[in-house]
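Source file upload.tsv; content: TSV, C-alpha atoms.
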chain	number	residue	atom	x	y	z
A	173	MET	CA	58.70	-14.82	26.34
A	174	LEU	CA	56.34	-17.13	24.43
A	175	LYS	CA	54.71	-18.21	27.71
A	176	SER	CA	54.14	-14.57	28.63
A	177	LEU	CA	52.53	-13.77	25.26
A	178	LEU	CA	50.25	-16.80	25.47
A	179	LYS	CA	49.24	-15.84	28.99
A	180	LYS	CA	48.39	-12.29	27.88
A	181	SER	CA	46.38	-13.59	24.90
A	182	PHE	CA	44.44	-15.95	27.16
A	183	VAL	CA	43.65	-13.16	29.64
A	184	SER	CA	42.51	-10.87	26.78
A	185	LEU	CA	40.26	-13.57	25.32
A	186	LEU	CA	38.78	-14.24	28.75
A	187	CYS	CA	38.05	-10.53	29.22
A	188	VAL	CA	36.26	-10.37	25.85
A	189	GLN	CA	34.13	-13.40	26.74
A	190	VAL	CA	33.21	-11.91	30.12
A	191	PHE	CA	32.30	-8.61	28.42
A	192	PHE	CA	29.95	-10.25	25.89
A	193	LEU	CA	28.37	-12.38	28.60
A	194	PHE	CA	27.71	-9.19	30.57
A	195	VAL	CA	26.19	-7.40	27.56
A	196	PHE	CA	24.02	-10.42	26.70
A	197	SER	CA	22.78	-10.60	30.29
A	198	VAL	CA	21.90	-6.89	30.30
A	199	VAL	CA	20.04	-7.14	26.96
A	200	SER	CA	18.16	-10.26	28.09
A	201	ALA	CA	17.19	-8.56	31.35
A	202	GLU	CA	16.00	-5.50	29.41
A	203	GLU	CA	13.93	-7.64	27.04
A	204	LYS	CA	12.29	-9.39	30.01
A	205	LYS	CA	11.57	-6.05	31.62
A	206	ASN	CA	10.18	-4.57	28.36
A	207	PRO	CA	8.75	-7.52	26.35
A	208	LYS	CA	7.77	-6.82	22.73
A	209	LEU	CA	4.08	-5.96	22.51
A	210	ASP	CA	2.10	-8.72	20.79
A	211	LEU	CA	-1.57	-7.93	20.28
A	212	THR	CA	-2.00	-10.83	17.84
A	213	PRO	CA	-0.84	-13.97	19.69
A	214	ALA	CA	-2.92	-16.30	17.48
A	215	ALA	CA	-1.69	-14.92	14.15
A	216	LYS	CA	1.31	-16.30	12.28
A	217	SER	CA	2.24	-12.77	11.23
A	218	ALA	CA	0.85	-9.26	11.55
A	219	VAL	CA	1.56	-5.63	10.65
A	220	LEU	CA	-0.02	-2.40	11.83
A	221	MET	CA	0.78	0.52	9.49
A	222	GLU	CA	-0.21	4.18	9.33
A	223	VAL	CA	-1.33	4.92	5.78
A	224	ASP	CA	-0.14	8.45	4.95
A	225	THR	CA	3.49	7.95	5.98
A	226	GLY	CA	3.77	4.16	5.74
A	227	THR	CA	5.06	4.06	9.32
A	228	VAL	CA	4.95	0.53	10.76
A	229	ILE	CA	3.62	0.85	14.31
A	230	LEU	CA	3.68	-2.84	15.25
A	231	GLU	CA	5.03	-5.88	13.44
A	232	LYS	CA	5.17	-9.63	14.09
A	233	ASN	CA	6.99	-11.88	11.59
A	234	GLY	CA	6.18	-9.23	8.99
A	235	ASP	CA	8.52	-10.66	6.34
A	236	GLU	CA	7.53	-14.33	6.68
A	237	LYS	CA	6.38	-15.72	3.32
A	238	LEU	CA	2.88	-17.16	3.65
A	239	PRO	CA	-0.08	-17.99	1.37
A	240	PRO	CA	-2.44	-14.97	1.32
A	241	ALA	CA	-5.63	-16.62	-0.01
A	242	SER	CA	-8.10	-13.99	-1.28
A	243	ILE	CA	-6.08	-11.06	0.05
A	244	THR	CA	-4.42	-11.55	-3.35
A	245	LYS	CA	-7.42	-9.67	-4.76
A	246	ILE	CA	-6.09	-6.40	-3.30
A	247	MET	CA	-3.55	-6.39	-6.13
A	248	THR	CA	-6.28	-7.34	-8.60
A	249	MET	CA	-8.42	-4.42	-7.41
A	250	LEU	CA	-5.41	-2.08	-7.55
A	251	LEU	CA	-4.77	-2.92	-11.21
A	252	VAL	CA	-8.48	-2.46	-11.98
A	253	MET	CA	-8.45	1.00	-10.37
A	254	GLU	CA	-5.26	1.96	-12.22
A	255	ALA	CA	-6.72	0.78	-15.54
A	256	ILE	CA	-9.74	3.02	-14.91
A	257	ASP	CA	-7.50	5.99	-14.06
A	258	GLN	CA	-5.46	5.40	-17.22
A	259	GLY	CA	-8.60	5.32	-19.38
A	260	LYS	CA	-8.07	1.70	-20.45
A	261	ILE	CA	-11.52	0.73	-19.14
A	262	LYS	CA	-14.60	2.63	-17.96
A	263	TRP	CA	-16.89	2.07	-15.01
A	264	ASP	CA	-19.94	1.35	-17.19
A	265	GLU	CA	-18.04	-0.76	-19.75
A	266	LYS	CA	-19.35	-4.31	-20.18
A	267	VAL	CA	-17.13	-7.27	-19.22
A	268	ARG	CA	-17.91	-10.61	-20.83
A	269	THR	CA	-17.40	-13.78	-18.78
A	270	SER	CA	-15.33	-16.49	-20.43
A	271	GLU	CA	-15.93	-20.18	-19.89
A	272	TYR	CA	-12.67	-20.30	-17.93
A	273	ALA	CA	-13.69	-17.43	-15.63
A	274	ALA	CA	-17.08	-19.05	-15.00
A	275	SER	CA	-15.39	-22.31	-14.03
A	276	MET	CA	-13.70	-20.87	-10.91
A	277	GLY	CA	-14.62	-22.59	-7.67
A	278	GLY	CA	-14.55	-21.25	-4.13
A	279	SER	CA	-16.16	-17.90	-3.35
A	280	GLN	CA	-17.92	-16.54	-6.43
A	281	ILE	CA	-20.81	-14.49	-7.75
A	282	PHE	CA	-21.87	-17.42	-9.99
A	283	LEU	CA	-21.14	-15.84	-13.34
A	284	GLU	CA	-22.27	-17.87	-16.32
A	285	SER	CA	-20.21	-18.29	-19.48
A	286	GLY	CA	-21.10	-15.41	-21.80
A	287	GLU	CA	-22.73	-13.33	-19.05
A	288	GLU	CA	-21.92	-9.64	-19.08
A	289	MET	CA	-21.60	-7.20	-16.18
A	290	THR	CA	-20.17	-3.71	-15.98
A	291	VAL	CA	-16.72	-3.02	-14.56
A	292	LYS	CA	-18.42	-1.46	-11.54
A	293	GLU	CA	-20.53	-4.57	-10.90
A	294	MET	CA	-17.55	-6.87	-11.31
A	295	LEU	CA	-15.49	-4.81	-8.86
A	296	LYS	CA	-18.37	-4.92	-6.40
A	297	GLY	CA	-18.40	-8.71	-6.71
A	298	ILE	CA	-14.64	-8.88	-6.06
A	299	ALA	CA	-14.59	-6.44	-3.14
A	300	MET	CA	-17.66	-7.64	-1.27
A	301	ALA	CA	-18.20	-11.30	-2.20
A	302	SER	CA	-14.56	-12.11	-2.99
A	303	GLY	CA	-15.64	-13.45	-6.39
A	304	ASN	CA	-12.96	-15.68	-7.90
A	305	ASP	CA	-14.91	-15.72	-11.16
A	306	ALA	CA	-15.22	-11.91	-11.27
A	307	SER	CA	-11.47	-11.58	-10.59
A	308	VAL	CA	-10.59	-13.74	-13.60
A	309	ALA	CA	-13.14	-11.97	-15.81
A	310	MET	CA	-11.55	-8.60	-14.96
A	311	ALA	CA	-8.04	-10.00	-15.43
A	312	GLU	CA	-8.96	-11.17	-18.93
A	313	LYS	CA	-10.63	-7.83	-19.70
A	314	ILE	CA	-7.55	-5.81	-18.75
A	315	ALA	CA	-4.69	-8.03	-19.93
A	316	GLY	CA	-6.25	-10.47	-22.40
A	317	SER	CA	-5.54	-13.52	-20.25
A	318	GLU	CA	-5.07	-14.36	-16.60
A	319	GLU	CA	-1.43	-15.30	-17.29
A	320	ALA	CA	-0.68	-11.86	-18.74
A	321	PHE	CA	-2.52	-10.20	-15.85
A	322	VAL	CA	-0.50	-12.18	-13.28
A	323	GLN	CA	2.66	-10.87	-14.94
A	324	MET	CA	1.28	-7.35	-14.46
A	325	MET	CA	0.63	-8.19	-10.80
A	326	ASN	CA	4.20	-9.34	-10.22
A	327	ASP	CA	5.64	-6.35	-12.08
A	328	ARG	CA	3.55	-3.96	-9.98
A	329	ALA	CA	4.61	-5.78	-6.80
A	330	LYS	CA	8.26	-5.15	-7.67
A	331	GLN	CA	7.55	-1.47	-8.30
A	332	LEU	CA	5.96	-1.19	-4.85
A	333	GLY	CA	8.95	-2.82	-3.14
A	334	MET	CA	7.05	-6.04	-2.36
A	335	ASN	CA	10.27	-8.03	-2.38
A	336	ASN	CA	8.89	-11.18	-0.75
A	337	THR	CA	5.85	-11.64	-2.99
A	338	HIS	CA	5.11	-13.90	-5.95
A	339	PHE	CA	1.67	-14.28	-7.50
A	340	VAL	CA	0.55	-17.28	-9.58
A	341	ASN	CA	-3.12	-16.33	-10.04
A	342	CYS	CA	-5.35	-13.28	-9.62
A	343	ASN	CA	-7.73	-14.61	-6.95
A	344	GLY	CA	-5.65	-16.46	-4.34
A	345	LEU	CA	-6.88	-19.99	-4.96
A	346	PRO	CA	-4.25	-22.45	-3.64
A	347	ALA	CA	-1.24	-22.73	-5.97
A	348	LYS	CA	2.42	-23.64	-5.64
A	349	ASP	CA	4.78	-20.65	-5.22
A	350	HIS	CA	1.90	-18.22	-4.57
A	351	TYR	CA	3.00	-16.27	-1.50
A	352	THR	CA	3.45	-12.87	0.09
A	353	THR	CA	4.04	-11.35	3.54
A	354	ALA	CA	2.09	-9.21	5.99
A	355	HIS	CA	4.43	-6.29	5.28
A	356	ASP	CA	4.04	-6.60	1.50
A	357	ILE	CA	0.25	-6.81	1.88
A	358	ALA	CA	0.32	-3.58	3.89
A	359	LEU	CA	2.28	-1.93	1.06
A	360	MET	CA	-0.22	-2.89	-1.65
A	361	SER	CA	-3.14	-2.02	0.65
A	362	GLN	CA	-1.59	1.42	1.16
A	363	GLU	CA	-1.32	1.84	-2.62
A	364	LEU	CA	-4.92	0.75	-3.19
A	365	LEU	CA	-6.11	3.35	-0.67
A	366	LYS	CA	-4.64	6.07	-2.89
A	367	HIS	CA	-7.84	5.43	-4.87
A	368	PRO	CA	-10.44	6.68	-2.35
A	369	GLU	CA	-13.32	5.37	-4.48
A	370	ILE	CA	-12.40	1.81	-3.52
A	371	THR	CA	-13.94	2.15	-0.06
A	372	GLN	CA	-17.32	2.70	-1.74
A	373	PHE	CA	-17.07	-1.02	-2.50
A	374	THR	CA	-14.98	-2.44	0.35
A	375	GLY	CA	-16.80	-0.44	3.04
A	376	VAL	CA	-20.38	-1.45	2.17
A	377	TYR	CA	-21.86	-4.25	4.27
A	378	GLN	CA	-24.56	-5.47	1.88
A	379	ASP	CA	-25.78	-4.84	-1.67
A	380	TYR	CA	-27.18	-6.64	-4.71
A	381	LEU	CA	-26.04	-7.78	-8.15
A	382	ARG	CA	-28.55	-8.50	-10.96
A	383	LYS	CA	-31.07	-6.65	-8.78
A	384	ASP	CA	-33.67	-6.18	-11.52
A	385	SER	CA	-33.19	-9.62	-13.08
A	386	THR	CA	-34.88	-12.95	-12.45
A	387	LYS	CA	-31.74	-14.08	-10.58
A	388	PRO	CA	-30.81	-11.32	-8.09
A	389	PHE	CA	-27.69	-12.01	-6.05
A	390	TRP	CA	-27.45	-10.70	-2.49
A	391	LEU	CA	-23.97	-9.52	-1.56
A	392	VAL	CA	-22.85	-9.59	2.07
A	393	ASN	CA	-19.38	-8.26	2.79
A	394	THR	CA	-17.02	-11.00	3.96
A	395	ASN	CA	-15.34	-8.38	6.20
A	396	LYS	CA	-17.74	-8.03	9.13
A	397	LEU	CA	-15.64	-5.27	10.72
A	398	VAL	CA	-17.13	-2.74	8.27
A	399	ARG	CA	-20.38	-3.20	10.18
A	400	PHE	CA	-19.15	-3.70	13.72
A	401	TYR	CA	-16.01	-1.54	14.08
A	402	THR	CA	-16.41	2.25	13.97
A	403	GLY	CA	-14.38	3.71	11.12
A	404	ALA	CA	-13.64	0.40	9.35
A	405	ASP	CA	-14.24	0.53	5.57
A	406	GLY	CA	-12.15	-2.23	3.99
A	407	LEU	CA	-10.26	-3.99	2.64
A	408	LYS	CA	-10.14	-7.76	2.02
A	409	THR	CA	-10.57	-11.07	3.82
A	410	GLY	CA	-9.05	-14.40	2.84
A	411	TYR	CA	-9.35	-18.07	3.72
A	412	THR	CA	-8.04	-21.39	2.47
A	413	ALA	CA	-7.22	-24.53	4.45
A	414	GLU	CA	-3.54	-23.77	3.89
A	415	ALA	CA	-3.60	-20.02	4.59
A	416	LYS	CA	-6.15	-20.18	7.44
A	417	PHE	CA	-8.07	-16.95	8.17
A	418	CYS	CA	-6.46	-13.76	6.87
A	419	LEU	CA	-7.44	-10.10	6.71
A	420	SER	CA	-6.08	-6.80	5.50
A	421	ALA	CA	-8.32	-4.23	7.17
A	422	THR	CA	-8.36	-0.46	7.21
A	423	ALA	CA	-10.09	2.04	9.47
A	424	LYS	CA	-10.11	5.83	9.76
A	425	ARG	CA	-10.93	8.11	12.65
A	426	GLY	CA	-10.43	11.82	12.26
A	427	ASP	CA	-7.31	12.36	10.15
A	428	LEU	CA	-5.71	9.04	11.11
A	429	ARG	CA	-6.06	6.03	8.80
A	430	VAL	CA	-4.35	2.72	9.57
A	431	ILE	CA	-4.00	-0.71	7.96
A	432	ALA	CA	-3.96	-3.90	10.04
A	433	VAL	CA	-2.86	-7.15	8.39
A	434	VAL	CA	-3.11	-10.58	10.04
A	435	LEU	CA	-2.26	-13.93	8.44
A	436	GLY	CA	-2.82	-17.49	9.63
A	437	GLU	CA	-5.53	-16.86	12.22
A	438	PRO	CA	-7.40	-19.94	13.55
A	439	ASP	CA	-10.96	-18.61	12.98
A	440	THR	CA	-12.92	-15.49	12.00
A	441	LYS	CA	-13.78	-14.55	15.59
A	442	THR	CA	-10.11	-14.48	16.64
A	443	ARG	CA	-9.11	-12.75	13.41
A	444	ASN	CA	-11.60	-9.92	13.89
A	445	ALA	CA	-10.83	-9.59	17.61
A	446	GLU	CA	-7.08	-9.27	17.04
A	447	VAL	CA	-7.48	-6.77	14.21
A	448	SER	CA	-9.80	-4.75	16.46
A	449	LYS	CA	-7.06	-4.74	19.14
A	450	LEU	CA	-4.57	-3.39	16.61
A	451	PHE	CA	-7.01	-0.66	15.60
A	452	ASP	CA	-7.75	0.22	19.26
A	453	TYR	CA	-4.03	0.52	19.98
A	454	ALA	CA	-3.40	2.81	17.00
A	455	PHE	CA	-6.31	5.15	17.68
A	456	SER	CA	-5.63	5.38	21.42
A	457	GLN	CA	-1.88	5.99	21.14
A	458	TYR	CA	-1.33	7.97	17.92
A	459	MET	CA	-2.54	11.01	16.02
A	460	SER	CA	-2.03	12.34	12.52
A	461	TYR	CA	-0.48	15.83	12.25
A	462	PRO	CA	-1.58	17.36	8.90
A	463	LEU	CA	0.97	19.13	6.69
A	464	LEU	CA	-0.84	19.59	3.37
A	465	LYS	CA	-4.35	19.00	2.06
A	466	THR	CA	-5.35	17.56	-1.31
A	467	GLY	CA	-5.30	20.41	-3.83
A	468	ASP	CA	-2.82	22.58	-1.95
A	469	THR	CA	-0.33	24.41	-4.16
A	470	LEU	CA	3.18	23.06	-3.58
A	471	GLY	CA	5.07	25.36	-5.94
A	472	SER	CA	6.69	24.50	-9.27
A	473	PHE	CA	9.82	22.97	-10.75
A	474	LYS	CA	11.87	23.82	-13.84
A	475	VAL	CA	12.77	21.39	-16.62
A	476	SER	CA	15.82	22.25	-18.70
A	477	LYS	CA	15.09	22.21	-22.46
A	478	GLY	CA	11.52	21.03	-21.83
A	479	GLU	CA	8.56	22.00	-24.00
A	480	ILE	CA	7.10	23.13	-20.67
A	481	ALA	CA	9.72	25.25	-18.91
A	482	THR	CA	8.01	25.37	-15.50
A	483	VAL	CA	5.62	22.73	-14.15
A	484	PRO	CA	3.20	23.63	-11.31
A	485	LEU	CA	2.74	21.10	-8.50
A	486	ILE	CA	-0.52	20.41	-6.68
A	487	ALA	CA	-0.87	17.97	-3.77
A	488	LYS	CA	-2.59	14.86	-5.17
A	489	HIS	CA	-3.34	13.56	-1.68
A	490	PRO	CA	-2.99	14.73	1.95
A	491	TYR	CA	0.46	14.76	3.56
A	492	SER	CA	0.82	14.24	7.30
A	493	ILE	CA	3.16	12.76	9.88
A	494	LEU	CA	2.45	10.35	12.70
A	495	LEU	CA	2.82	11.58	16.28
A	496	LYS	CA	2.33	9.90	19.63
A	497	LYS	CA	-0.60	11.46	21.46
A	498	GLY	CA	0.71	14.13	23.80
A	499	GLU	CA	3.88	14.66	21.75
A	500	ALA	CA	4.56	18.35	21.11
A	501	SER	CA	4.04	19.45	17.49
A	502	ASN	CA	5.72	22.84	17.72
A	503	GLY	CA	8.74	23.31	15.49
A	504	ILE	CA	7.46	20.99	12.75
A	505	ARG	CA	8.10	22.38	9.27
A	506	HIS	CA	8.51	21.10	5.73
A	507	GLU	CA	10.38	22.17	2.63
A	508	LEU	CA	10.51	21.13	-1.02
A	509	GLN	CA	13.79	19.86	-2.43
A	510	PHE	CA	13.98	19.31	-6.20
A	511	ASN	CA	16.50	17.17	-8.05
A	512	SER	CA	19.21	19.36	-9.55
A	513	ASN	CA	19.51	19.75	-13.32
A	514	LEU	CA	16.17	18.22	-14.31
A	515	LYS	CA	16.33	17.79	-18.08
A	516	ALA	CA	13.68	16.84	-20.62
A	517	PRO	CA	12.28	14.36	-21.25
A	518	VAL	CA	10.61	13.85	-17.87
A	519	GLN	CA	8.05	11.07	-17.58
A	520	ALA	CA	4.72	11.46	-15.78
A	521	GLY	CA	5.19	9.88	-12.35
A	522	GLN	CA	8.99	10.28	-12.44
A	523	GLN	CA	10.44	11.38	-9.10
A	524	ILE	CA	11.60	14.96	-9.40
A	525	GLY	CA	12.28	15.76	-5.75
A	526	LYS	CA	10.92	15.29	-2.24
A	527	ILE	CA	9.09	16.95	0.62
A	528	VAL	CA	11.34	16.94	3.68
A	529	VAL	CA	9.79	17.28	7.14
A	530	TYR	CA	11.76	18.54	10.13
A	531	LYS	CA	11.13	19.10	13.80
A	532	GLY	CA	13.66	21.76	14.64
A	533	ASP	CA	16.83	20.37	13.08
A	534	GLN	CA	15.70	16.74	13.35
A	535	LEU	CA	14.68	15.00	10.11
A	536	LEU	CA	11.27	13.35	10.62
A	537	LYS	CA	10.14	12.16	7.19
A	538	GLU	CA	10.71	12.39	3.46
A	539	PHE	CA	7.94	12.12	0.86
A	540	PRO	CA	8.80	11.61	-2.83
A	541	LEU	CA	7.54	14.21	-5.30
A	542	GLU	CA	6.55	13.01	-8.76
A	543	SER	CA	5.99	14.90	-11.98
A	544	PRO	CA	2.23	15.22	-12.65
A	545	VAL	CA	2.78	15.38	-16.44
A	546	GLN	CA	5.13	14.20	-19.15
A	547	VAL	CA	7.53	16.90	-20.32
A	548	ASN	CA	8.97	16.25	-23.77
A	549	LYS	CA	12.04	17.92	-25.23
A	550	ALA	CA	11.32	21.34	-26.71
A	551	SER	CA	11.90	21.93	-30.41
A	552	TRP	CA	14.76	24.19	-31.47
A	553	TRP	CA	12.21	26.85	-32.43
A	554	VAL	CA	10.63	26.87	-28.95
A	555	LEU	CA	14.08	27.08	-27.35
A	556	PHE	CA	15.06	29.90	-29.71
A	557	LYS	CA	11.94	31.94	-28.89
A	558	ARG	CA	12.43	31.27	-25.16
A	559	THR	CA	16.07	32.39	-25.32
A	560	THR	CA	15.44	35.53	-27.37
A	561	SER	CA	12.12	36.67	-25.90
A	562	HIS	CA	13.83	39.03	-23.44
A	563	LEU	CA	15.43	40.88	-26.34
A	564	PHE	CA	12.03	42.16	-27.42
A	565	PHE	CA	10.73	42.90	-23.96
A	566	VAL	CA	9.83	46.59	-23.63
A	567	LYS	CA	9.91	48.18	-20.21
Translate this file's structure into structure tokens.
Amino acid sequence: MLKSLLKKSFVSLLCVQVFFLFVFSVVSAEEKKNPKLDLTPAAKSAVLMEVDTGTVILEKNGDEKLPPASITKIMTMLLVMEAIDQGKIKWDEKVRTSEYAASMGGSQIFLESGEEMTVKEMLKGIAMASGNDASVAMAEKIAGSEEAFVQMMNDRAKQLGMNNTHFVNCNGLPAKDHYTTAHDIALMSQELLKHPEITQFTGVYQDYLRKDSTKPFWLVNTNKLVRFYTGADGLKTGYTAEAKFCLSATAKRGDLRVIAVVLGEPDTKTRNAEVSKLFDYAFSQYMSYPLLKTGDTLGSFKVSKGEIATVPLIAKHPYSILLKKGEASNGIRHELQFNSNLKAPVQAGQQIGKIVVYKGDQLLKEFPLESPVQVNKASWWVLFKRTTSHLFFVK
């Protein structure tokens, strides 16, 4: 009896092993027949992302933690743009250079201790010349110190879902435990592009600082693709001996905008060539199908016991989905779905629902919807008038 059971167990185990060997052989054969497309063989990691939907088209070691060098400044520029939007600083506001900011080495715009430039000029120096000194000057302007600004950078990274990122400084100079990934860089690049004004800085090939002074400074964009690749208008290059040659680039043709990130390239020529290949692939194979334009009316949502009972919604940016060229677009539709029982208070930027996109019955994409305003709790008097107003309504 025992012999029989052991024999059966052995036969069963043998069958399982044969089955897995068969499956492994089939998968291996399939992988050889359809190898993963790698347009960036020289890069340590790379990501190609469509901006509107955040769809990752191609990825290579996208979550590998690597030093980003000056690509760090994308987060610095994002926090500058957000501070402007929030009214904390103004474009023409003067920024004074501290002795510490002026002491930065590497790429710089040669700020002197005590020198003042406007926010706009400083941002130009960061975006085009990759100024380490200008980055620190802006960090101190916004947060009071670089250390406090770096904390803001890490907090914002967490909010964006950049789970494999840790910043130690605001400019990307070599430092222990300063790292990110190609995928995380694509996420913060996507967020920066929600501020369309940024490409007025990142997309310009050459300009001047201190133009009317005795010491004019000629700016030449470190990202040569903005001159040589049609549609390229950003975003940020990076280089250190440790990080090698890095780039987070963006380009737009028609309604389609993409981000290409490469890290650890051996030289600028290879870096630019491989990013160009990523761009060529995206624009030849994909198209953007528009759903909503900036300014389109989306409808409204109700807030229980809010001082504003009904809040109108306007599209803050375009909404679209990514389609393969030649793919049929008929049957694509979208609908708004709001969170049930929304109660005051509601914070500005709080998610209150989503836009859901279907093709027939197939779910294609979901976009979060956020409240455009803060809705505080209504006073008892407002609620009383709202409740009783129908009693005095005359037909």
Original post:
Within 10 Å of A:Glu293, counting only C-alpha atoms, which residues qualify if same-chain residues fewer than 5 places away don't, as a PyMOL selection string?
Top reply: chain A and resi 263-267+288+298-299+306+373+380-382
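Each of A:Glu414, A:Ser285, A:Val223, A:Leu230 was compared to A:Lys449 using all atoms listed in the file, and A:Leu230 turns out to be the nearest.
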Subject >> Selection: 7 Å around stretch 311-326 of chain A, all atoms listed in the file, excl. self and same-chain fewer than 4 positions, as a PyMOL selection string >> reply: chain A and resi 247+267+307+330+338-342
Subject >> Between atom CA of A:Leu407 and atom CA of A:Val433 - distance in Å to one decimal >> reply: 9.9 Å
Original post:
Contacts of A:Glu446 at 10 Å or less, counting all atoms listed in the file, minus same-chain residues fewer than 2 places along, as a PyMOL selection string?
Top reply: chain A and resi 210-215+218+432-434+437+440-444+448-452
Original post:
Which is closest to A:Leu494 among A:Pro544, A:Pro462, A:Gly259, A:Gly410, if we use only C-alpha atoms?
Top reply: A:Pro462
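Proximity of A:Trp390, A:Phe282, A:Tyr411, A:Phe539 to A:Pro240, computed with all atoms listed in the file, is greatest for A:Tyr411.
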**OP:** Enter the distance from atom CA of A:Ser275 to atom CA of A:Asp305, in Å, rounded to one decimal.
**Re:** 7.2 Å
Original post:
Looking at A:Leu514, A:Tyr530, A:Met310, A:Tyr377, which one is nearest to A:Thr290, with distances taken over all atoms listed in the file?
Top reply: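 Of A:Leu514, A:Tyr530, A:Met310, A:Tyr377, the one nearest A:Thr290, counting all atoms listed in the file, is A:Met310.
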**OP:** Find the residues with any atom within 9 Å of (6.9, -5.1, 14.4); use all atoms listed in the file and the coordinates as given in the file, and write the answer as a list in words.
**Re:**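 Protein and nucleic acid residues near the point are Lys208, Leu209, Asp210, Ala218, Val219, Leu220, Val228, Ile229, Leu230, Glu231, Lys232, Asn233 and Gly234 of chain A.
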**OP:** Can you work out the spacing between atom CA of A:Lys465 and atom CA of A:Ile486 in Å, to one decimal?
**Re:**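 Separating atom CA of A:Lys465 from atom CA of A:Ile486 is a distance of 9.6 Å.
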Original post:
Residues at most 12 Å from A:Thr469, counting only C-alpha atoms, excluding those fewer than 6 positions away in the same chain, as a list of chain:residue names?
Top reply: A:Val483, A:Pro484, A:Leu485, A:Ile486, A:Ala487, A:Lys488, A:His489, A:Pro490, A:Leu508
Counting all atoms listed in the file, what is within 10 Å of A:Leu250, bar same-chain residues fewer than 2 positions away, as a tab-separated table (two decimals) with C-alpha atoms, in the frame of the given file?
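Saved as part_36.tsv:
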chain	number	residue	atom	x	y	z
A	245	LYS	CA	-7.42	-9.67	-4.76
A	246	ILE	CA	-6.09	-6.40	-3.30
A	247	MET	CA	-3.55	-6.39	-6.13
A	248	THR	CA	-6.28	-7.34	-8.60
A	252	VAL	CA	-8.48	-2.46	-11.98
A	253	MET	CA	-8.45	1.00	-10.37
A	254	GLU	CA	-5.26	1.96	-12.22
A	255	ALA	CA	-6.72	0.78	-15.54
A	256	ILE	CA	-9.74	3.02	-14.91
A	325	MET	CA	0.63	-8.19	-10.80
A	328	ARG	CA	3.55	-3.96	-9.98
A	360	MET	CA	-0.22	-2.89	-1.65
A	361	SER	CA	-3.14	-2.02	0.65
A	363	GLU	CA	-1.32	1.84	-2.62
A	364	LEU	CA	-4.92	0.75	-3.19
A	365	LEU	CA	-6.11	3.35	-0.67
A	366	LYS	CA	-4.64	6.07	-2.89
A	367	HIS	CA	-7.84	5.43	-4.87
A	370	ILE	CA	-12.40	1.81	-3.52
Subject >> Best match for closeness to A:Lys497 among A:Gln457, A:Ser512, A:Ser476, A:Gln378, counting all atoms listed in the file >> reply: A:Gln457
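Residue nearest A:Glu222 within the list A:His355, A:Lys387, A:Lys408, A:Arg429: A:Arg429 [criterion: smallest interatomic distance, all atoms listed in the file].
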**OP:** Select, counting all atoms listed in the file, all protein, DNA and RNA residues no farther than 8 Å from (5.8, 0.1, 4.5) in file coordinates, and express the selection as a ChimeraX atom specification.
**Re:** /A:221,226-228,355-356,358-359
What are the centre and the three edge lengths of an axis-aligned box that wraps all atoms of stretch 313-325 of chain A in the file, given that 6 Å is added to every side, written as lines of an AutoDock Vina configuration file and rounded to one decimal in Å?
center_x = -4.0
center_y = -10.6
center_z = -16.6
size_x = 25.3
size_y = 21.5
size_z = 23.6
